[in-house]
Amino acid sequence: MEILANYINGELIPPHSSNYLDDINPAIAEKFAEIPLSDEEDLRLAIASAEKAFPAWSGLSAKERADYLMKISNLIKDNLEELAVAESTDTGKPLQLAKTVDIPRAASNMEFFAHAFTQFSSESHAGKDSINYTLRKPLGVVACISPWNLPLYLFTWKIAPALAAGNCVIAKPSEITPYTAYLFSKICMEAGLPNGVLNILHGTGPEIGNAIVQNKKIKAISFTGGTATGRKIAEISAPLFRKVSLELGGKNPALVFADCDLEKTVDGLVRASFTNQGEICLCASRIYIEESIYEDFKNRFVEKVKALKVGNPSKQANNMGALVSAQHLEKVKSYIDLAKKEGGNLLCGDEDIELDEETKNGYFLRPHVFENLPNQCSTNQEEIFGPVVSLNVFNDEKEAIALANESEYGLASTIWTNDLSRAHRIGNQIETGIVWINCWMNRDLRTPFGGMKNSGLGREGGLEALRFFTEPKNICIQY
Ligand code: NDP
């Protein structure tokens, strides 16, 4: 069994407390590793090493820093198989998904931001008697805190722009899925990343996560996680006038119009609803269907959902693996019970799951589809973050938009129509930071990524991330 270590000042070291937490493989419900429980003392060492590394790291040229990021990217690619197995073991996600999405994307994140910062430019404003130009300086020591659903994918999505821009980083992965972050520390060591430039601390949110957020030496926090945690981070950061980027929860609407390509829409929405067991902040969870095609859509959708195979994540035949933990499985099941109490009609989900001997104790759940739930009910308003969706009816475009926007969240939406004007009209009116038309999770890393309302503050991706991780300074020269 592997005992994980913190990565501080270029070395793998045990936690100051000598205490560890179990890391559970959710597909077999057994412990497979131990995670350091870090505390203030580990943070103190990490910050000291990051502060020491900052002058030299920020003094490198963009190209020199990019070379390190490219080495890391290439090593992720070289170790794809091992990283994918680790990610699947830790999260319960299908191995095939880890191999084709999670790990390749982690490599792309490093590569993308390596190049992006070498292309980053700042503005100049020429006036009648003077010219202004803007410098973009790294902030210093910054923090990156990421969740359990797309572990290495989201961890690197934050770390890469922070490092490329010249900052030194204190990073904390989720205690539920820390394993690939630990392997990533080893990759950074192999790549020769200078000591202290990146420090990875393991442990719980309330302890080490909170200590990071409370620390005044942290100049900015890039956080992805739940809305309640994001609010706490914002409250602590506001009096410090510290920059925060918050990527939070979602309750994402999908609007299906009668003029859509029905077959493509059904396939697209099965994928959007249940990829990664529905544990993606971007997953569709409220599907609104135009009344005239409701029955047809419902029958086709439910038939395809029933055909999804749930089971051992290492078997390629399975479309869905295990939920991330026993606690999360219980949370999702409690929402299924609530949906029934709220008047929902369960169309599929309670069929038996055939599990093999190895995974018979795992945290598996079949995809659940409900109909007849009022728009205002908890199941249609609260983030479940699991394989549960509701089908709802609308009569016209105006009603569809109103139903979709009746939410405290505003992360992502999908619109399924062949009417180009309608697609633009709704894209303009829907209150989400990301709108996909006739597709889902089609990502271009240059685009602004993030949510409105309770789904977050600020945007990641492309120039937005590089602006977040730098401080603008305007210099004015009189001619
Ligand atoms: P949490 O908010 O519970 O945790 C996110 C991270 O924050 C974890 O590393 C966690 O540590 C840490 N954390 C928890 N409490 C604190 C604290 N008080 N101070 C500092 N750090 C803390 O979210 P989940 O991990 O449960 O992730 C699921 C949520 O993430 C969902 O709401 C989902 O929608 C959202 N999400 C949003 C995305 C987006 O881009 N908008 C993308 C992916 C997920 P630990 O795990 O060790 O407790």
# chains A, B, ... in the order shown; residues from 1 in each chain; ligands from 1
>>> select_by_dssp(residues="stretch 57-149 of chain A", states="alpha helix (DSSP H)", output="ChimeraX atom specification")
/A:57-59,62-78,80-91,95-97,103-119
>>> residues_around(residues="A:Ile187", least_positions_apart="6", cutoff="8 Å", atoms="only C-alpha atoms", output="number ranges by chain")
A: 72, 75-76
>>> write_last_selection(atoms="all heavy atoms", output="compact mmCIF listing (two decimals), in the first residue's frame")
# COMPACT_ATOMS: atom_id res chain seq x y z
N ILE A 72 7.07 18.76 -18.22
CA ILE A 72 6.04 18.13 -17.37
C ILE A 72 4.94 17.54 -18.25
O ILE A 72 4.49 16.40 -18.06
CB ILE A 72 5.48 19.16 -16.35
CG1 ILE A 72 6.59 19.57 -15.38
CG2 ILE A 72 4.29 18.60 -15.61
CD1 ILE A 72 6.25 20.74 -14.46
N LEU A 75 6.09 14.37 -19.80
CA LEU A 75 6.16 13.27 -18.82
C LEU A 75 4.76 12.74 -18.47
O LEU A 75 4.58 11.55 -18.22
CB LEU A 75 6.90 13.72 -17.56
CG LEU A 75 8.42 13.80 -17.72
CD1 LEU A 75 9.06 14.55 -16.57
CD2 LEU A 75 9.01 12.39 -17.81
N ILE A 76 3.77 13.64 -18.47
CA ILE A 76 2.39 13.17 -18.24
C ILE A 76 2.01 12.22 -19.39
O ILE A 76 1.45 11.14 -19.16
CB ILE A 76 1.39 14.35 -18.15
CG1 ILE A 76 1.66 15.19 -16.90
CG2 ILE A 76 -0.05 13.85 -18.15
CD1 ILE A 76 0.83 16.46 -16.79
>>> residues_around(residues="A:Tyr68", least_positions_apart="5", cutoff="12 Å", atoms="only C-alpha atoms", output="ChimeraX atom specification")
/A:57,60-63,73-75,110-111,113-115,160,163-164,166,187-194,197-198
>>> residues_near_ligand(ligand="ligand 1", cutoff="7 Å", atoms="only C-alpha atoms and all ligand atoms", output="MDAnalysis selection string")
chainID A and resid 145:150 172:176 203:206 209:210 212:213 224:230 232:233 247:250 280:281 383 385 411 450:451 455:456
>>> residues_around(residues="A:Ala143", least_positions_apart="6", cutoff="8 Å", atoms="only C-alpha atoms", output="number ranges by chain")
A: 169-172, 212, 218-222
>>> write_last_selection(atoms="all heavy atoms", output="PDB file, in the first residue's frame")
ATOM      1  N   VAL A 169       3.556  28.324  -6.313  1.00  0.00           N
ATOM      2  CA  VAL A 169       2.215  27.809  -6.013  1.00  0.00           C
ATOM      3  C   VAL A 169       2.206  26.892  -4.793  1.00  0.00           C
ATOM      4  O   VAL A 169       3.085  26.048  -4.621  1.00  0.00           O
ATOM      5  CB  VAL A 169       1.679  27.033  -7.247  1.00  0.00           C
ATOM      6  CG1 VAL A 169       0.336  26.381  -6.945  1.00  0.00           C
ATOM      7  CG2 VAL A 169       1.558  27.960  -8.458  1.00  0.00           C
ATOM      8  N   ILE A 170       1.143  27.077  -3.976  1.00  0.00           N
ATOM      9  CA  ILE A 170       0.793  26.102  -2.939  1.00  0.00           C
ATOM     10  C   ILE A 170      -0.494  25.458  -3.453  1.00  0.00           C
ATOM     11  O   ILE A 170      -1.494  26.152  -3.647  1.00  0.00           O
ATOM     12  CB  ILE A 170       0.480  26.784  -1.576  1.00  0.00           C
ATOM     13  CG1 ILE A 170       1.571  27.774  -1.160  1.00  0.00           C
ATOM     14  CG2 ILE A 170       0.179  25.737  -0.512  1.00  0.00           C
ATOM     15  CD1 ILE A 170       2.906  27.184  -0.824  1.00  0.00           C
ATOM     16  N   ALA A 171      -0.459  24.150  -3.702  1.00  0.00           N
ATOM     17  CA  ALA A 171      -1.639  23.505  -4.291  1.00  0.00           C
ATOM     18  C   ALA A 171      -2.170  22.427  -3.362  1.00  0.00           C
ATOM     19  O   ALA A 171      -1.403  21.708  -2.726  1.00  0.00           O
ATOM     20  CB  ALA A 171      -1.264  22.891  -5.637  1.00  0.00           C
ATOM     21  N   LYS A 172      -3.512  22.366  -3.300  1.00  0.00           N
ATOM     22  CA  LYS A 172      -4.141  21.330  -2.480  1.00  0.00           C
ATOM     23  C   LYS A 172      -5.172  20.569  -3.294  1.00  0.00           C
ATOM     24  O   LYS A 172      -6.174  21.124  -3.710  1.00  0.00           O
ATOM     25  CB  LYS A 172      -4.827  21.939  -1.257  1.00  0.00           C
ATOM     26  CG  LYS A 172      -5.250  20.848  -0.275  1.00  0.00           C
ATOM     27  CD  LYS A 172      -6.297  21.303   0.716  1.00  0.00           C
ATOM     28  CE  LYS A 172      -7.682  20.808   0.419  1.00  0.00           C
ATOM     29  NZ  LYS A 172      -7.848  19.371   0.228  1.00  0.00           N
ATOM     30  N   ILE A 212      -4.625  27.424   4.409  1.00  0.00           N
ATOM     31  CA  ILE A 212      -4.116  28.103   3.202  1.00  0.00           C
ATOM     32  C   ILE A 212      -4.910  29.397   2.964  1.00  0.00           C
ATOM     33  O   ILE A 212      -4.348  30.468   2.730  1.00  0.00           O
ATOM     34  CB  ILE A 212      -4.214  27.177   1.960  1.00  0.00           C
ATOM     35  CG1 ILE A 212      -3.263  25.977   2.098  1.00  0.00           C
ATOM     36  CG2 ILE A 212      -3.937  27.950   0.669  1.00  0.00           C
ATOM     37  CD1 ILE A 212      -3.452  24.892   1.031  1.00  0.00           C
ATOM     38  N   ILE A 218      -0.677  34.429   1.041  1.00  0.00           N
ATOM     39  CA  ILE A 218      -1.214  33.924  -0.229  1.00  0.00           C
ATOM     40  C   ILE A 218      -1.865  35.093  -0.977  1.00  0.00           C
ATOM     41  O   ILE A 218      -2.834  35.688  -0.505  1.00  0.00           O
ATOM     42  CB  ILE A 218      -2.262  32.808   0.031  1.00  0.00           C
ATOM     43  CG1 ILE A 218      -1.632  31.640   0.806  1.00  0.00           C
ATOM     44  CG2 ILE A 218      -2.920  32.350  -1.257  1.00  0.00           C
ATOM     45  CD1 ILE A 218      -0.652  30.810   0.047  1.00  0.00           C
ATOM     46  N   LYS A 219      -1.337  35.387  -2.156  1.00  0.00           N
ATOM     47  CA  LYS A 219      -1.763  36.605  -2.863  1.00  0.00           C
ATOM     48  C   LYS A 219      -3.009  36.408  -3.722  1.00  0.00           C
ATOM     49  O   LYS A 219      -3.661  37.385  -4.116  1.00  0.00           O
ATOM     50  CB  LYS A 219      -0.640  37.091  -3.787  1.00  0.00           C
ATOM     51  CG  LYS A 219       0.657  37.397  -3.069  1.00  0.00           C
ATOM     52  CD  LYS A 219       0.524  38.643  -2.231  1.00  0.00           C
ATOM     53  CE  LYS A 219       1.837  39.035  -1.600  1.00  0.00           C
ATOM     54  NZ  LYS A 219       1.733  39.253  -0.175  1.00  0.00           N
ATOM     55  N   ALA A 220      -3.301  35.166  -4.093  1.00  0.00           N
ATOM     56  CA  ALA A 220      -4.504  34.908  -4.895  1.00  0.00           C
ATOM     57  C   ALA A 220      -4.882  33.452  -4.696  1.00  0.00           C
ATOM     58  O   ALA A 220      -4.024  32.614  -4.409  1.00  0.00           O
ATOM     59  CB  ALA A 220      -4.233  35.168  -6.374  1.00  0.00           C
ATOM     60  N   ILE A 221      -6.193  33.184  -4.839  1.00  0.00           N
ATOM     61  CA  ILE A 221      -6.649  31.791  -4.718  1.00  0.00           C
ATOM     62  C   ILE A 221      -7.477  31.438  -5.938  1.00  0.00           C
ATOM     63  O   ILE A 221      -8.456  32.121  -6.269  1.00  0.00           O
ATOM     64  CB  ILE A 221      -7.503  31.582  -3.453  1.00  0.00           C
ATOM     65  CG1 ILE A 221      -6.674  31.917  -2.206  1.00  0.00           C
ATOM     66  CG2 ILE A 221      -8.021  30.142  -3.385  1.00  0.00           C
ATOM     67  CD1 ILE A 221      -7.426  31.775  -0.905  1.00  0.00           C
ATOM     68  N   SER A 222      -7.072  30.380  -6.608  1.00  0.00           N
ATOM     69  CA  SER A 222      -7.895  29.822  -7.680  1.00  0.00           C
ATOM     70  C   SER A 222      -8.538  28.577  -7.108  1.00  0.00           C
ATOM     71  O   SER A 222      -7.864  27.616  -6.742  1.00  0.00           O
ATOM     72  CB  SER A 222      -7.005  29.494  -8.883  1.00  0.00           C
ATOM     73  OG  SER A 222      -7.784  28.819  -9.839  1.00  0.00           O
TER      74      SER A 222
END
>>> residues_around(residues="A:Glu354", least_positions_apart="4", cutoff="10 Å", atoms="only C-alpha atoms", output="list in words")
Lys309, Val310, Gly311, Asn312, Thr359 and Lys360 of chain A
>>> select_by_dssp(residues="stretch 40-184 of chain A", states="strand (DSSP E or B)", output="list of chain:residue names")
A:Ser124, A:His125, A:Ala126, A:Ser130, A:Ile131, A:Asn132, A:Tyr133, A:Thr134, A:Leu135, A:Arg136, A:Lys137, A:Pro138, A:Val141, A:Val142, A:Ala143, A:Cys144, A:Ile145, A:Cys168, A:Val169, A:Ile170, A:Ala171, A:Lys172
>>> write_last_selection(atoms="C-alpha atoms", output="short mmCIF file (atom, residue, chain, number, x, y, z; two decimals), in the first residue's frame")
data_model
loop_
_atom_site.label_atom_id
_atom_site.label_comp_id
_atom_site.auth_asym_id
_atom_site.auth_seq_id
_atom_site.Cartn_x
_atom_site.Cartn_y
_atom_site.Cartn_z
CA SER A 124 -0.35 50.34 -24.59
CA HIS A 125 -2.44 53.50 -24.95
CA ALA A 126 -0.98 56.31 -26.99
CA SER A 130 2.01 60.78 -23.59
CA ILE A 131 2.02 57.05 -23.94
CA ASN A 132 0.90 54.50 -21.36
CA TYR A 133 1.99 50.92 -21.29
CA THR A 134 0.88 48.19 -18.93
CA LEU A 135 3.21 45.72 -17.28
CA ARG A 136 1.81 42.39 -16.11
CA LYS A 137 3.74 41.15 -13.10
CA PRO A 138 3.35 37.77 -11.34
CA VAL A 141 2.83 32.95 -3.85
CA VAL A 142 -0.64 31.85 -4.93
CA ALA A 143 -2.91 28.93 -4.00
CA CYS A 144 -4.74 26.42 -6.19
CA ILE A 145 -7.45 24.31 -4.54
CA CYS A 168 5.05 30.08 -7.08
CA VAL A 169 2.22 27.81 -6.01
CA ILE A 170 0.79 26.10 -2.94
CA ALA A 171 -1.64 23.50 -4.29
CA LYS A 172 -4.14 21.33 -2.48
#
>>> closest_residue(among="A:Ile384, A:Ala50, A:Ala162, A:Ala116", to="A:Glu279", atoms="only C-alpha atoms")
A:Ile384
>>> residues_around(residues="A:Ile28", least_positions_apart="4", cutoff="9 Å", atoms="only C-alpha atoms", output="count of residues only")
10
>>> atom_distance(atom1="atom CA of A:Glu207", atom2="atom CA of A:Met1")
24.6 Å
>>> atom_distance(atom1="atom CA of A:Asn319", atom2="atom CA of A:Pro94")
7.0 Å
>>> residues_around(residues="A:Ala98", least_positions_apart="2", cutoff="12 Å", atoms="only C-alpha atoms", output="tab-separated table (two decimals) with all heavy atoms, in the first residue's frame")
chain	number	residue	atom	x	y	z
A	80	LEU	N	1.01	8.10	-19.19
A	80	LEU	CA	-0.45	8.14	-19.32
A	80	LEU	C	-1.12	6.92	-18.69
A	80	LEU	O	-2.08	7.03	-17.94
A	80	LEU	CB	-0.84	8.26	-20.79
A	80	LEU	CG	-2.33	8.46	-21.05
A	80	LEU	CD1	-2.53	9.48	-22.17
A	80	LEU	CD2	-3.06	7.20	-21.41
A	81	GLU	N	-0.60	5.75	-18.98
A	81	GLU	CA	-1.23	4.52	-18.51
A	81	GLU	C	-1.28	4.48	-16.97
A	81	GLU	O	-2.33	4.26	-16.38
A	81	GLU	CB	-0.42	3.33	-19.07
A	81	GLU	CG	-1.05	1.99	-18.88
A	81	GLU	CD	-2.29	1.78	-19.75
A	81	GLU	OE1	-2.36	2.35	-20.86
A	81	GLU	OE2	-3.21	1.07	-19.28
A	82	GLU	N	-0.12	4.75	-16.35
A	82	GLU	CA	-0.06	4.68	-14.88
A	82	GLU	C	-0.97	5.74	-14.25
A	82	GLU	O	-1.70	5.48	-13.29
A	82	GLU	CB	1.39	4.92	-14.42
A	82	GLU	CG	1.55	4.76	-12.92
A	82	GLU	CD	2.85	5.34	-12.34
A	82	GLU	OE1	3.67	5.91	-13.10
A	82	GLU	OE2	3.03	5.24	-11.13
A	83	LEU	N	-0.96	6.95	-14.83
A	83	LEU	CA	-1.80	8.03	-14.28
A	83	LEU	C	-3.28	7.71	-14.45
A	83	LEU	O	-4.09	7.97	-13.56
A	83	LEU	CB	-1.46	9.35	-14.97
A	83	LEU	CG	-0.10	9.97	-14.60
A	83	LEU	CD1	0.31	11.03	-15.61
A	83	LEU	CD2	-0.15	10.57	-13.19
A	84	ALA	N	-3.63	7.12	-15.59
A	84	ALA	CA	-5.04	6.81	-15.84
A	84	ALA	C	-5.53	5.73	-14.88
A	84	ALA	O	-6.64	5.84	-14.33
A	84	ALA	CB	-5.24	6.37	-17.30
A	85	VAL	N	-4.71	4.72	-14.65
A	85	VAL	CA	-5.10	3.67	-13.69
A	85	VAL	C	-5.26	4.29	-12.30
A	85	VAL	O	-6.23	4.02	-11.58
A	85	VAL	CB	-4.06	2.52	-13.68
A	85	VAL	CG1	-4.31	1.56	-12.53
A	85	VAL	CG2	-4.07	1.78	-15.02
A	86	ALA	N	-4.33	5.18	-11.93
A	86	ALA	CA	-4.39	5.83	-10.61
A	86	ALA	C	-5.68	6.66	-10.49
A	86	ALA	O	-6.38	6.60	-9.47
A	86	ALA	CB	-3.17	6.72	-10.42
A	87	GLU	N	-6.00	7.40	-11.54
A	87	GLU	CA	-7.19	8.27	-11.49
A	87	GLU	C	-8.47	7.44	-11.39
A	87	GLU	O	-9.39	7.77	-10.62
A	87	GLU	CB	-7.22	9.15	-12.75
A	87	GLU	CG	-8.00	10.42	-12.59
A	87	GLU	CD	-7.32	11.43	-11.68
A	87	GLU	OE1	-7.18	11.14	-10.48
A	87	GLU	OE2	-6.94	12.51	-12.16
A	88	SER	N	-8.51	6.36	-12.15
A	88	SER	CA	-9.69	5.50	-12.12
A	88	SER	C	-9.82	4.82	-10.75
A	88	SER	O	-10.92	4.71	-10.20
A	88	SER	CB	-9.59	4.48	-13.25
A	88	SER	OG	-10.57	3.51	-13.13
A	89	THR	N	-8.70	4.37	-10.20
A	89	THR	CA	-8.73	3.70	-8.89
A	89	THR	C	-9.21	4.66	-7.80
A	89	THR	O	-9.98	4.29	-6.92
A	89	THR	CB	-7.29	3.23	-8.52
A	89	THR	OG1	-6.81	2.43	-9.60
A	89	THR	CG2	-7.26	2.43	-7.24
A	90	ASP	N	-8.77	5.90	-7.87
A	90	ASP	CA	-9.08	6.87	-6.82
A	90	ASP	C	-10.52	7.40	-6.91
A	90	ASP	O	-11.15	7.67	-5.89
A	90	ASP	CB	-8.10	8.06	-6.96
A	90	ASP	CG	-7.70	8.63	-5.62
A	90	ASP	OD1	-8.21	8.15	-4.60
A	90	ASP	OD2	-6.88	9.56	-5.60
A	91	THR	N	-11.01	7.56	-8.15
A	91	THR	CA	-12.33	8.21	-8.32
A	91	THR	C	-13.47	7.24	-8.61
A	91	THR	O	-14.63	7.59	-8.44
A	91	THR	CB	-12.30	9.17	-9.53
A	91	THR	OG1	-11.93	8.41	-10.68
A	91	THR	CG2	-11.33	10.31	-9.35
A	92	GLY	N	-13.14	6.05	-9.14
A	92	GLY	CA	-14.18	5.12	-9.58
A	92	GLY	C	-14.60	5.35	-11.02
A	92	GLY	O	-15.46	4.67	-11.56
A	93	LYS	N	-13.99	6.35	-11.69
A	93	LYS	CA	-14.40	6.66	-13.07
A	93	LYS	C	-13.89	5.59	-14.03
A	93	LYS	O	-12.86	4.94	-13.74
A	93	LYS	CB	-13.90	8.03	-13.49
A	93	LYS	CG	-12.42	8.14	-13.73
A	93	LYS	CD	-12.06	9.51	-14.29
A	93	LYS	CE	-12.27	10.59	-13.27
A	93	LYS	NZ	-12.56	11.88	-13.77
A	94	PRO	N	-14.56	5.38	-15.16
A	94	PRO	CA	-14.08	4.38	-16.12
A	94	PRO	C	-12.63	4.66	-16.53
A	94	PRO	O	-12.27	5.81	-16.82
A	94	PRO	CB	-15.03	4.53	-17.31
A	94	PRO	CG	-16.27	5.12	-16.73
A	94	PRO	CD	-15.81	6.01	-15.61
A	95	LEU	N	-11.85	3.59	-16.55
A	95	LEU	CA	-10.44	3.73	-16.93
A	95	LEU	C	-10.32	4.36	-18.32
A	95	LEU	O	-9.45	5.19	-18.58
A	95	LEU	CB	-9.79	2.34	-16.90
A	95	LEU	CG	-8.34	2.25	-17.35
A	95	LEU	CD1	-7.43	3.13	-16.50
A	95	LEU	CD2	-7.84	0.80	-17.28
A	96	GLN	N	-11.24	3.95	-19.20
A	96	GLN	CA	-11.20	4.46	-20.57
A	96	GLN	C	-11.37	5.99	-20.59
A	96	GLN	O	-10.73	6.68	-21.38
A	96	GLN	CB	-12.31	3.76	-21.38
A	96	GLN	CG	-12.23	3.92	-22.87
A	96	GLN	CD	-10.91	3.45	-23.46
A	96	GLN	OE1	-10.17	2.68	-22.85
A	96	GLN	NE2	-10.59	3.93	-24.65
A	100	THR	N	-8.68	8.68	-21.99
A	100	THR	CA	-8.97	9.49	-23.18
A	100	THR	C	-9.30	10.94	-22.87
A	100	THR	O	-9.22	11.79	-23.74
A	100	THR	CB	-10.14	8.88	-23.99
A	100	THR	OG1	-11.25	8.72	-23.09
A	100	THR	CG2	-9.77	7.55	-24.60
A	101	VAL	N	-9.72	11.22	-21.63
A	101	VAL	CA	-10.10	12.61	-21.30
A	101	VAL	C	-9.22	13.19	-20.19
A	101	VAL	O	-8.47	14.14	-20.42
A	101	VAL	CB	-11.60	12.71	-20.90
A	101	VAL	CG1	-11.95	14.13	-20.49
A	101	VAL	CG2	-12.49	12.25	-22.05
A	102	ASP	N	-9.27	12.61	-19.00
A	102	ASP	CA	-8.63	13.25	-17.84
A	102	ASP	C	-7.13	13.47	-18.03
A	102	ASP	O	-6.63	14.59	-17.86
A	102	ASP	CB	-8.82	12.40	-16.58
A	102	ASP	CG	-10.26	12.39	-16.11
A	102	ASP	OD1	-11.08	11.72	-16.75
A	102	ASP	OD2	-10.55	13.06	-15.10
A	103	ILE	N	-6.42	12.41	-18.35
A	103	ILE	CA	-4.95	12.52	-18.37
A	103	ILE	C	-4.46	13.28	-19.62
A	103	ILE	O	-3.61	14.18	-19.49
A	103	ILE	CB	-4.28	11.14	-18.21
A	103	ILE	CG1	-4.86	10.41	-16.96
A	103	ILE	CG2	-2.76	11.26	-18.12
A	103	ILE	CD1	-4.78	11.19	-15.64
A	104	PRO	N	-5.00	13.00	-20.81
A	104	PRO	CA	-4.59	13.81	-21.96
A	104	PRO	C	-4.85	15.30	-21.74
A	104	PRO	O	-4.05	16.15	-22.13
A	104	PRO	CB	-5.44	13.27	-23.11
A	104	PRO	CG	-5.75	11.86	-22.72
A	104	PRO	CD	-5.88	11.88	-21.22
A	105	ARG	N	-5.97	15.60	-21.07
A	105	ARG	CA	-6.27	17.02	-20.83
A	105	ARG	C	-5.27	17.63	-19.85
A	105	ARG	O	-4.89	18.82	-19.98
A	105	ARG	CB	-7.71	17.15	-20.34
A	105	ARG	CG	-8.11	18.52	-19.88
A	105	ARG	CD	-8.02	19.60	-20.97
A	105	ARG	NE	-8.22	20.87	-20.30
A	105	ARG	CZ	-9.41	21.39	-20.00
A	105	ARG	NH1	-10.51	20.79	-20.38
A	105	ARG	NH2	-9.50	22.53	-19.35
A	106	ALA	N	-4.82	16.86	-18.87
A	106	ALA	CA	-3.81	17.39	-17.93
A	106	ALA	C	-2.54	17.75	-18.71
A	106	ALA	O	-1.94	18.81	-18.49
A	106	ALA	CB	-3.51	16.36	-16.84
A	149	ASN	N	-13.67	15.53	-8.64
A	149	ASN	CA	-14.34	14.87	-9.77
A	149	ASN	C	-13.46	14.70	-11.00
A	149	ASN	O	-13.55	13.69	-11.70
A	149	ASN	CB	-15.62	15.62	-10.12
A	149	ASN	CG	-15.38	17.04	-10.56
A	149	ASN	OD1	-14.45	17.68	-10.08
A	149	ASN	ND2	-16.19	17.53	-11.46
A	150	LEU	N	-12.61	15.69	-11.29
A	150	LEU	CA	-11.68	15.60	-12.42
A	150	LEU	C	-10.31	15.95	-11.83
A	150	LEU	O	-9.79	17.05	-12.06
A	150	LEU	CB	-12.07	16.60	-13.51
A	150	LEU	CG	-13.45	16.45	-14.14
A	150	LEU	CD1	-13.81	17.66	-15.00
A	150	LEU	CD2	-13.55	15.19	-14.98
A	151	PRO	N	-9.73	15.05	-11.04
A	151	PRO	CA	-8.62	15.47	-10.17
A	151	PRO	C	-7.42	16.09	-10.88
A	151	PRO	O	-7.13	17.27	-10.67
A	151	PRO	CB	-8.26	14.19	-9.42
A	151	PRO	CG	-9.52	13.40	-9.41
A	151	PRO	CD	-10.18	13.69	-10.72
A	152	LEU	N	-6.71	15.33	-11.70
A	152	LEU	CA	-5.49	15.90	-12.30
A	152	LEU	C	-5.83	16.95	-13.36
A	152	LEU	O	-5.11	17.93	-13.55
A	152	LEU	CB	-4.62	14.79	-12.90
A	152	LEU	CG	-3.20	15.22	-13.26
A	152	LEU	CD1	-2.43	15.68	-12.03
A	152	LEU	CD2	-2.44	14.10	-13.96
A	153	TYR	N	-6.94	16.74	-14.03
A	153	TYR	CA	-7.44	17.65	-15.06
A	153	TYR	C	-7.61	19.07	-14.49
A	153	TYR	O	-7.11	20.05	-15.05
A	153	TYR	CB	-8.76	17.05	-15.53
A	153	TYR	CG	-9.65	17.72	-16.52
A	153	TYR	CD1	-10.10	17.00	-17.63
A	153	TYR	CD2	-10.16	18.99	-16.35
A	153	TYR	CE1	-11.00	17.54	-18.53
A	153	TYR	CE2	-11.05	19.54	-17.25
A	153	TYR	CZ	-11.47	18.81	-18.33
A	153	TYR	OH	-12.37	19.35	-19.22
A	180	THR	N	-3.30	11.18	-8.03
A	180	THR	CA	-2.58	11.66	-9.22
A	180	THR	C	-1.82	12.96	-8.91
A	180	THR	O	-0.81	13.24	-9.56
A	180	THR	CB	-3.50	11.87	-10.43
A	180	THR	OG1	-4.65	12.60	-10.02
A	180	THR	CG2	-3.91	10.54	-11.06
A	275	THR	N	-21.91	11.22	-18.24
A	275	THR	CA	-20.46	11.03	-18.31
A	275	THR	C	-19.87	11.21	-16.91
A	275	THR	O	-20.31	12.08	-16.15
A	275	THR	CB	-19.84	12.07	-19.27
A	275	THR	OG1	-20.37	11.83	-20.57
A	275	THR	CG2	-18.32	11.95	-19.33
A	276	ASN	N	-18.91	10.38	-16.57
A	276	ASN	CA	-18.27	10.46	-15.24
A	276	ASN	C	-19.31	10.31	-14.13
A	276	ASN	O	-19.24	10.99	-13.10
A	276	ASN	CB	-17.49	11.78	-15.09
A	276	ASN	CG	-16.36	11.68	-14.09
A	276	ASN	OD1	-15.60	10.72	-14.10
A	276	ASN	ND2	-16.24	12.67	-13.22
A	313	PRO	N	-14.93	-0.22	-13.29
A	313	PRO	CA	-14.42	0.85	-14.16
A	313	PRO	C	-13.25	0.42	-15.04
A	313	PRO	O	-12.95	1.10	-16.02
A	313	PRO	CB	-13.97	1.94	-13.19
A	313	PRO	CG	-14.06	1.39	-11.83
A	313	PRO	CD	-14.81	0.10	-11.85
A	314	SER	N	-12.60	-0.70	-14.68
A	314	SER	CA	-11.47	-1.11	-15.52
A	314	SER	C	-11.92	-1.90	-16.75
A	314	SER	O	-11.11	-2.16	-17.64
A	314	SER	CB	-10.44	-1.89	-14.70
A	314	SER	OG	-11.05	-3.02	-14.18
A	316	GLN	N	-13.67	-2.14	-20.22
A	316	GLN	CA	-14.00	-1.17	-21.27
A	316	GLN	C	-15.48	-1.18	-21.65
A	316	GLN	O	-16.03	-0.18	-22.11
A	316	GLN	CB	-13.13	-1.42	-22.50
A	316	GLN	CG	-13.01	-0.18	-23.34
A	316	GLN	CD	-11.94	-0.30	-24.39
A	316	GLN	OE1	-10.97	-1.06	-24.23
A	316	GLN	NE2	-12.09	0.43	-25.48
A	320	MET	N	-20.28	3.48	-17.21
A	320	MET	CA	-20.22	4.24	-15.96
A	320	MET	C	-19.56	3.39	-14.87
A	320	MET	O	-19.81	2.19	-14.78
A	320	MET	CB	-21.63	4.65	-15.50
A	320	MET	CG	-22.27	5.68	-16.41
A	320	MET	SD	-24.03	5.90	-16.08
A	320	MET	CE	-24.04	6.49	-14.41
A	321	GLY	N	-18.77	4.06	-14.02
A	321	GLY	CA	-18.10	3.36	-12.93
A	321	GLY	C	-18.82	3.61	-11.61
A	321	GLY	O	-20.05	3.74	-11.57
>>> closest_residue(among="A:Ile434, A:Ile3, A:Leu139, A:Leu97", to="A:Phe54", atoms="only C-alpha atoms")
A:Leu139
>>> closest_residue(among="A:Phe32, A:Phe364, A:Phe223, A:Tyr20", to="A:Trp157", atoms="only C-alpha atoms")
A:Phe223
>>> closest_atom_pairs(of="stretch 149-259 of chain A", to="stretch 11-18 of chain A", cutoff="10 Å", atoms="only C-alpha atoms", output="CSV")
residue,atom,partner,partner_atom,distance
A:Tyr182,CA,A:Leu12,CA,9.0
A:Ser185,CA,A:Leu12,CA,7.9
A:Lys186,CA,A:Leu12,CA,8.2
A:Met189,CA,A:Glu11,CA,7.8
A:Asn195,CA,A:Glu11,CA,7.8
A:Gly196,CA,A:Glu11,CA,8.9
A:Asn199,CA,A:Glu11,CA,9.1
A:Ile200,CA,A:Leu12,CA,9.3
A:Leu201,CA,A:Pro15,CA,8.8
A:His202,CA,A:Pro15,CA,8.6
A:Gly203,CA,A:Pro15,CA,9.3
